[in-house]
$ cat protein-v2.txt   # compact mmCIF, C-alpha atoms
# COMPACT_ATOMS: atom_id res chain seq x y z
CA MET A 1 -19.72 15.99 4.39
CA GLN A 2 -19.49 13.00 6.72
CA VAL A 3 -17.18 11.04 4.37
CA LEU A 4 -14.92 14.07 3.86
CA ASP A 5 -14.69 14.65 7.62
CA SER A 6 -13.90 10.95 8.17
CA ILE A 7 -11.10 11.02 5.57
CA LEU A 8 -9.55 14.19 6.98
CA ALA A 9 -9.75 12.79 10.52
CA LEU A 10 -8.18 9.46 9.47
CA LEU A 11 -5.28 11.17 7.70
CA THR A 12 -4.72 13.63 10.55
CA GLU A 13 -4.89 10.95 13.28
CA SER A 14 -2.51 8.77 11.25
CA GLU A 15 -0.12 11.75 10.96
CA ILE A 16 -0.15 11.54 7.17
CA PRO A 17 0.67 14.77 5.31
CA PHE A 18 -1.95 15.77 2.76
CA ARG A 19 -3.31 18.73 0.86
CA HIS A 20 -7.03 19.48 1.05
CA ASP A 21 -8.38 21.56 -1.83
CA MET A 22 -11.80 23.19 -2.11
CA HIS A 23 -12.77 23.90 -5.72
CA GLU A 24 -15.57 24.25 -8.21
CA GLU A 25 -17.79 21.21 -8.67
CA THR A 26 -16.21 18.60 -10.92
CA ARG A 27 -17.99 15.67 -12.50
CA THR A 28 -15.19 14.15 -14.60
CA SER A 29 -11.64 13.05 -13.89
CA ALA A 30 -10.36 15.56 -16.46
CA ASP A 31 -12.21 18.42 -14.75
CA SER A 32 -10.87 17.34 -11.37
CA ALA A 33 -7.29 17.24 -12.68
CA ARG A 34 -7.72 20.70 -14.20
CA VAL A 35 -9.01 22.37 -11.00
CA ARG A 36 -6.36 20.64 -8.87
CA GLY A 37 -3.58 21.67 -11.24
CA GLU A 38 -2.38 18.06 -11.31
CA PRO A 39 -1.81 15.57 -14.16
CA LEU A 40 -4.74 13.26 -14.97
CA GLU A 41 -2.55 10.20 -14.25
CA ILE A 42 -2.26 10.93 -10.52
CA GLY A 43 -6.02 11.06 -10.13
CA ALA A 44 -7.27 8.02 -8.19
CA LYS A 45 -10.62 7.19 -9.77
CA ALA A 46 -12.86 5.14 -7.45
CA ILE A 47 -15.80 3.23 -8.90
CA VAL A 48 -18.42 1.16 -7.08
CA MET A 49 -19.38 -1.97 -8.98
CA LYS A 50 -21.49 -5.01 -8.26
CA VAL A 51 -19.58 -8.26 -8.78
CA ASP A 52 -22.15 -11.06 -8.95
CA ASP A 53 -24.02 -10.32 -5.69
CA ARG A 54 -21.70 -7.94 -3.80
CA PHE A 55 -20.63 -4.34 -4.21
CA CYS A 56 -16.94 -3.35 -4.15
CA VAL A 57 -14.85 -0.22 -4.64
CA PHE A 58 -12.32 -0.37 -7.49
CA VAL A 59 -9.57 2.26 -7.76
CA MET A 60 -7.33 3.06 -10.72
CA SER A 61 -5.43 5.92 -12.29
CA ALA A 62 -7.91 8.39 -13.77
CA ALA A 63 -6.04 8.01 -17.07
CA LEU A 64 -7.35 4.43 -17.35
CA ARG A 65 -10.74 2.74 -17.43
CA VAL A 66 -12.06 -0.16 -15.43
CA SER A 67 -11.94 -3.59 -17.09
CA SER A 68 -15.04 -5.63 -16.28
CA LYS A 69 -13.38 -8.63 -17.96
CA ARG A 70 -10.34 -8.49 -15.64
CA ILE A 71 -12.58 -8.12 -12.59
CA ARG A 72 -14.74 -11.08 -13.62
CA GLN A 73 -11.61 -13.17 -14.22
CA HIS A 74 -10.07 -12.17 -10.87
CA PHE A 75 -13.17 -13.13 -8.90
CA GLY A 76 -14.37 -15.97 -11.13
CA ALA A 77 -17.58 -13.95 -11.43
CA LYS A 78 -20.31 -14.27 -14.02
CA ARG A 79 -21.50 -10.65 -13.98
CA THR A 80 -20.29 -7.16 -13.15
CA ARG A 81 -22.05 -3.82 -13.42
CA PHE A 82 -21.70 -0.27 -12.16
CA ALA A 83 -23.74 0.70 -9.13
CA THR A 84 -26.70 2.87 -10.08
CA PRO A 85 -26.82 6.40 -8.62
CA ASP A 86 -29.56 5.23 -6.21
CA GLU A 87 -27.53 2.19 -5.12
CA LEU A 88 -24.44 4.37 -4.69
CA ARG A 89 -26.37 6.84 -2.52
CA GLU A 90 -27.82 3.98 -0.43
CA LEU A 91 -24.43 2.23 -0.01
CA THR A 92 -22.23 5.29 0.57
CA GLY A 93 -24.37 8.41 0.86
CA LEU A 94 -22.45 9.78 -2.15
CA VAL A 95 -23.13 10.83 -5.73
CA PRO A 96 -21.20 9.55 -8.76
CA GLY A 97 -17.79 11.21 -8.95
CA ALA A 98 -17.54 11.78 -5.19
CA VAL A 99 -16.43 8.27 -4.18
CA PRO A 100 -13.01 8.31 -2.49
CA PRO A 101 -10.46 5.48 -2.87
CA PHE A 102 -11.27 3.90 0.51
CA GLY A 103 -12.99 0.87 1.91
CA PRO A 104 -13.26 0.41 5.69
CA PRO A 105 -13.21 2.43 7.88
CA ILE A 106 -14.41 5.13 5.46
CA LEU A 107 -16.74 3.08 3.23
CA ASP A 108 -18.16 -0.26 4.31
CA LEU A 109 -17.25 -1.96 1.02
CA PRO A 110 -14.32 -4.19 -0.01
CA LEU A 111 -11.54 -2.21 -1.72
CA TYR A 112 -9.38 -3.25 -4.68
CA VAL A 113 -6.67 -1.10 -6.26
CA ASP A 114 -4.98 -1.24 -9.66
CA PRO A 115 -1.14 -1.01 -9.64
CA SER A 116 -1.41 2.13 -11.81
CA VAL A 117 -2.18 4.12 -8.65
CA PHE A 118 1.29 3.36 -7.30
CA ARG A 119 3.19 4.40 -10.44
CA ASN A 120 3.18 7.99 -9.19
CA GLU A 121 4.61 9.53 -6.03
CA ARG A 122 1.32 11.21 -5.19
CA MET A 123 -2.37 10.69 -5.77
CA ALA A 124 -5.35 13.04 -5.90
CA PHE A 125 -8.99 12.16 -5.37
CA ASN A 126 -12.43 13.57 -4.74
CA ALA A 127 -12.92 13.16 -1.02
CA GLY A 128 -16.59 12.34 -0.63
CA SER A 129 -17.60 15.52 -2.42
CA LEU A 130 -17.53 16.99 -5.91
CA THR A 131 -15.99 20.17 -4.46
CA HIS A 132 -13.28 18.77 -2.14
CA SER A 133 -10.09 16.95 -3.15
CA VAL A 134 -7.20 15.45 -1.26
CA VAL A 135 -3.66 15.06 -2.59
CA MET A 136 -1.34 12.72 -0.70
CA SER A 137 1.60 10.36 -1.09
CA THR A 138 0.78 7.02 -2.72
CA GLU A 139 3.21 5.31 -0.34
CA ASP A 140 1.34 6.75 2.67
CA TYR A 141 -1.92 5.55 1.09
CA ARG A 142 -0.50 2.04 0.60
CA ARG A 143 0.73 1.87 4.22
CA LEU A 144 -2.53 3.22 5.64
CA ILE A 145 -4.98 1.20 3.56
CA GLN A 146 -2.95 -1.97 2.81
CA PRO A 147 -5.09 -2.56 -0.27
CA ASP A 148 -5.68 -5.72 -2.26
CA VAL A 149 -3.90 -4.90 -5.54
CA PHE A 150 -4.54 -6.51 -8.93
CA GLU A 151 -4.66 -5.43 -12.60
CA LEU A 152 -8.26 -4.21 -12.87
CA ALA A 153 -7.87 -1.37 -15.37
CA GLU A 154 -7.03 -1.00 -19.02
CA PRO A 155 -6.07 1.89 -21.33
CA ARG A 156 -8.82 4.16 -22.62
CA ILE A 157 -9.56 3.48 -26.26
$ encode --input "protein-v2.txt" --output "structure tokens"
Amino acid sequence: MQVLDSILALLTESEIPFRHDMHEETRTSADSARVRGEPLEIGAKAIVMKVDDRFCVFVMSAALRVSSKRIRQHFGAKRTRFATPDELRELTGLVPGAVPPFGPPILDLPLYVDPSVFRNERMAFNAGSLTHSVVMSTEDYRRLIQPDVFELAEPRI
């Protein structure tokens, strides 16, 4: 629960209002939206990917999917791939589905965010656990994190 505790401490110390929910284990964005009682679109889905030779966190609305093509184009990269569960555990200490939408100081990985996250007044995300979620203002998130934003997602087919 180290990542969860770090997120809650960061938000509290930064005097950012948030809601912390404990719920049944969720493994999909749709399940998370259901247990939170929130629309799928406000879910902030965070994915760890390897871009050529470095790992990064990419965040988008849970209603969308990551676009490897857009990421390769943005970075001028030759290859992208998802982190394996073992790599994810080694890099973050987390399991798939538990990655929060943070880079430093929470996760020691570069962070990139799709503009879809900011189309809603609030965002919800799994906070380092499959059984803990945080709901907060997207504007507070933007001010706190000051993310690098680019179009990295595309509609689900």
$ atom_distance --input "protein-v2.txt" --atom1 "atom CA of A:Arg65" --atom2 "atom CA of A:Ile157"
8.9 Å
$ residues_around --input "protein-v2.txt" --residues "A:Ser32" --least-positions-apart "6" --cutoff "9 Å" --atoms "all atoms listed in the file" --output "PyMOL selection string"
chain A and resi 23-26+38+40+43+124-126+130+133
$ write_last_selection --input "protein-v2.txt" --atoms "C-alpha atoms" --output "mmCIF file, in the coordinates of the input"
data_model
loop_
_atom_site.group_PDB
_atom_site.id
_atom_site.type_symbol
_atom_site.label_atom_id
_atom_site.label_comp_id
_atom_site.auth_asym_id
_atom_site.auth_seq_id
_atom_site.Cartn_x
_atom_site.Cartn_y
_atom_site.Cartn_z
ATOM 1 C CA HIS A 23 -12.770 23.900 -5.720
ATOM 2 C CA GLU A 24 -15.570 24.250 -8.210
ATOM 3 C CA GLU A 25 -17.790 21.210 -8.670
ATOM 4 C CA THR A 26 -16.210 18.600 -10.920
ATOM 5 C CA GLU A 38 -2.380 18.060 -11.310
ATOM 6 C CA LEU A 40 -4.740 13.260 -14.970
ATOM 7 C CA GLY A 43 -6.020 11.060 -10.130
ATOM 8 C CA ALA A 124 -5.350 13.040 -5.900
ATOM 9 C CA PHE A 125 -8.990 12.160 -5.370
ATOM 10 C CA ASN A 126 -12.430 13.570 -4.740
ATOM 11 C CA LEU A 130 -17.530 16.990 -5.910
ATOM 12 C CA SER A 133 -10.090 16.950 -3.150
#
$ residues_around --input "protein-v2.txt" --residues "A:Ala83" --least-positions-apart "3" --cutoff "6 Å" --atoms "only C-alpha atoms" --output "ChimeraX atom specification"
/A:48-49,87-88
$ residues_near_point --input "protein-v2.txt" --point "(-7.8, 1.2, -5.0)" --cutoff "6 Å" --atoms "all atoms listed in the file" --output "PDB file with C-alpha atoms, in the coordinates of the input"
ATOM      1  CA  PHE A  58     -12.320  -0.370  -7.490  1.00  0.00           C
ATOM      2  CA  VAL A  59      -9.570   2.260  -7.760  1.00  0.00           C
ATOM      3  CA  PRO A 101     -10.460   5.480  -2.870  1.00  0.00           C
ATOM      4  CA  TYR A 112      -9.380  -3.250  -4.680  1.00  0.00           C
ATOM      5  CA  VAL A 113      -6.670  -1.100  -6.260  1.00  0.00           C
ATOM      6  CA  ASP A 114      -4.980  -1.240  -9.660  1.00  0.00           C
TER       7      ASP A 114
END
$ atom_distance --input "protein-v2.txt" --atom1 "atom CA of A:Asp31" --atom2 "atom CA of A:Gly97"
10.8 Å
$ residues_around --input "protein-v2.txt" --residues "A:Arg70" --least-positions-apart "3" --cutoff "8 Å" --atoms "only C-alpha atoms" --output "short mmCIF file (atom, residue, chain, number, x, y, z; two decimals) with C-alpha atoms, in the coordinates of the input"
data_model
loop_
_atom_site.label_atom_id
_atom_site.label_comp_id
_atom_site.auth_asym_id
_atom_site.auth_seq_id
_atom_site.Cartn_x
_atom_site.Cartn_y
_atom_site.Cartn_z
CA SER A 67 -11.94 -3.59 -17.09
CA GLN A 73 -11.61 -13.17 -14.22
CA HIS A 74 -10.07 -12.17 -10.87
CA GLU A 151 -4.66 -5.43 -12.60
CA LEU A 152 -8.26 -4.21 -12.87
CA ALA A 153 -7.87 -1.37 -15.37
#
$ atom_distance --input "protein-v2.txt" --atom1 "atom CA of A:Glu41" --atom2 "atom CA of A:Ala63"
5.0 Å
$ closest_residue --input "protein-v2.txt" --among "A:Ala62, A:Leu109, A:Ile42, A:Met1" --to "A:Ser129" --atoms "all atoms listed in the file"
A:Met1
$ residues_around --input "protein-v2.txt" --residues "A:Phe102" --least-positions-apart "3" --cutoff "7 Å" --atoms "only C-alpha atoms" --output "PyMOL selection string"
chain A and resi 106-107+111
$ write_last_selection --input "protein-v2.txt" --atoms "C-alpha atoms" --output "mmCIF file, in the coordinates of the input"
data_model
loop_
_atom_site.group_PDB
_atom_site.id
_atom_site.type_symbol
_atom_site.label_atom_id
_atom_site.label_comp_id
_atom_site.auth_asym_id
_atom_site.auth_seq_id
_atom_site.Cartn_x
_atom_site.Cartn_y
_atom_site.Cartn_z
ATOM 1 C CA ILE A 106 -14.410 5.130 5.460
ATOM 2 C CA LEU A 107 -16.740 3.080 3.230
ATOM 3 C CA LEU A 111 -11.540 -2.210 -1.720
#
$ closest_residue --input "protein-v2.txt" --among "A:Ser116, A:Thr28, A:Ser68, A:Gln2" --to "A:Phe150" --atoms "all atoms listed in the file"
A:Ser116
$ closest_atom_pairs --input "protein-v2.txt" --of "stretch 18-126 of chain A" --to "stretch 137-146 of chain A" --cutoff "9 Å" --atoms "all atoms listed in the file" --output "tab-separated table"
residue	atom	partner	partner_atom	distance
A:Phe18	CA	A:Ser137	CA	7.5
A:Phe102	CA	A:Ile145	CA	7.5
A:Gly103	CA	A:Ile145	CA	8.2
A:Pro104	CA	A:Ile145	CA	8.6
A:Val117	CA	A:Thr138	CA	7.2
A:Phe118	CA	A:Thr138	CA	5.9
A:Arg119	CA	A:Thr138	CA	8.5
A:Asn120	CA	A:Thr138	CA	7.0
A:Glu121	CA	A:Thr138	CA	5.7
A:Arg122	CA	A:Ser137	CA	4.2
A:Met123	CA	A:Thr138	CA	5.7
A:Ala124	CA	A:Ser137	CA	8.9
$ closest_residue --input "protein-v2.txt" --among "A:Ala127, A:Met60, A:Val149, A:Val95" --to "A:Ala9" --atoms "all atoms listed in the file"
A:Ala127
$ residues_around --input "protein-v2.txt" --residues "A:Thr84" --least-positions-apart "6" --cutoff "12 Å" --atoms "all atoms listed in the file" --output "ChimeraX atom specification"
/A:47-50,55,90-92,94-96
$ closest_residue --input "protein-v2.txt" --among "A:Met136, A:Gly76, A:Ser61, A:Pro155" --to "A:Leu8" --atoms "all atoms listed in the file"
A:Met136
